[in-house]
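To keep things clear, I will list the structure first and then write my remarks on it.
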Amino acid sequence: MMHRERLERLAALLEDYRDRDLPRFDLQGWGASTSQRRRRLWLREDTCKTAACAVGLACSSGIFAEDGLSCETDANGAITPILGDLEGWTAVKVFFNLDQHQASELFAAHSYELSEGEAAAQAVAMRIRQTIAPQIQAI
């Protein structure tokens with residue numbers, strides 16, 4: 001059974017997202033950041049000029065840190081979700097207790113008409129809320 005409380009927290013995070021916020025919302029990948037070179041040192045700029053999807057925002061926001069979800073940034077600035085020894089889609093599916101179809105339906109760019117900005121974040125939040133809403137069975 002999917003982890004409704006965690007999905008609820010993610011929906012709330014996405015509902016609060018605005019286009020002026022950083023990182024920029026983009027369903028095309030987990031997330032990315034830029035690096036800047038100063039005096040022979042590469043400095044990571046994770047707080048600006050970044051993009052992240054719903055899961056990337058969840059990882060980088062820290063709201064799930066106590067639950068074990070975090071992210072790793074590689075040398076190219078690509079962000080990957082991490083849960084213990086798991087990473088990527090496997091980490092996402094285990095963390096939210098989703099199957100492949102559910103994870104893809106909620107978080108994959110191809111599941112949405114828009115993939116960037118506030119409207120896309122709101123669409124993901126709405127789909128999460130629809131997915132976790134109690135199902136009323138007809139009598």
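Chain labels A, B, ... are given in the sequence in which chains occur in the structure tokens; within each chain residues are numbered consecutively from 1, and ligands are likewise numbered from 1 in the order shown.
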| query | Could you name the residues that touch A:Thr80 at 6 Å or less, counting only C-alpha atoms, but leaving out those on the same chain fewer than 5 positions away, as a list in words? | reply | Cys71, Glu72 and Gly88 of chain A
| Residue contacts of A:Gly68 (9 Å, only C-alpha atoms) excluding same-chain residues fewer than 4 positions away, as a PyMOL selection string | chain A and resi 64+82-84+95
| query | Got a sec: who's within 8 Å of A:Pro81, counting only C-alpha atoms, leaving out chain neighbours fewer than 3 positions off, as a list of chain:residue names? | reply |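 Near A:Pro81, the qualifying residues are A:Trp30, A:Val55, A:Gly56, A:Cys59, A:Leu69, A:Ser70, A:Cys71, A:Glu72, A:Glu87, A:Gly88, A:Trp89, A:Ala91, A:Val92.
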| request: Quick one: everything within 8 Å of stretch 127-132 of chain A, counting only C-alpha atoms, minus sequence neighbours fewer than 5 positions away in the same chain. Send it as JSON, numbers by chain. | output: {"A": [4, 7, 8, 11, 106]}
Same residues, C-alpha atoms, output as a PDB file, in the first residue's frame:
```
ATOM      1  CA  ARG A   4      -0.012   8.215   1.845  1.00  0.00           C
ATOM      2  CA  LEU A   7       2.829  11.595  -0.611  1.00  0.00           C
ATOM      3  CA  GLU A   8       0.646  14.105   1.247  1.00  0.00           C
ATOM      4  CA  ALA A  11       1.812  17.332  -2.504  1.00  0.00           C
ATOM      5  CA  LEU A 106       2.880  10.401 -10.600  1.00  0.00           C
TER       6      LEU A 106
END
```
| task | Kindly give the distance, in Å, that separates atom CA of A:Glu118 and atom CA of A:Gly62, rounded to a single decimal. | result |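 Atom-to-atom, atom CA of A:Glu118 and atom CA of A:Gly62 are spaced 20.0 Å apart.
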| said: Please list as a list in words every residue within 8 Å of A:Leu10, counting only C-alpha atoms and excluding residues in the same chain fewer than 3 positions away. | reply: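 What passes the distance filter is Arg6, Leu7, Leu13, Leu14, Ala54, Ala58 and Ala125 of chain A.
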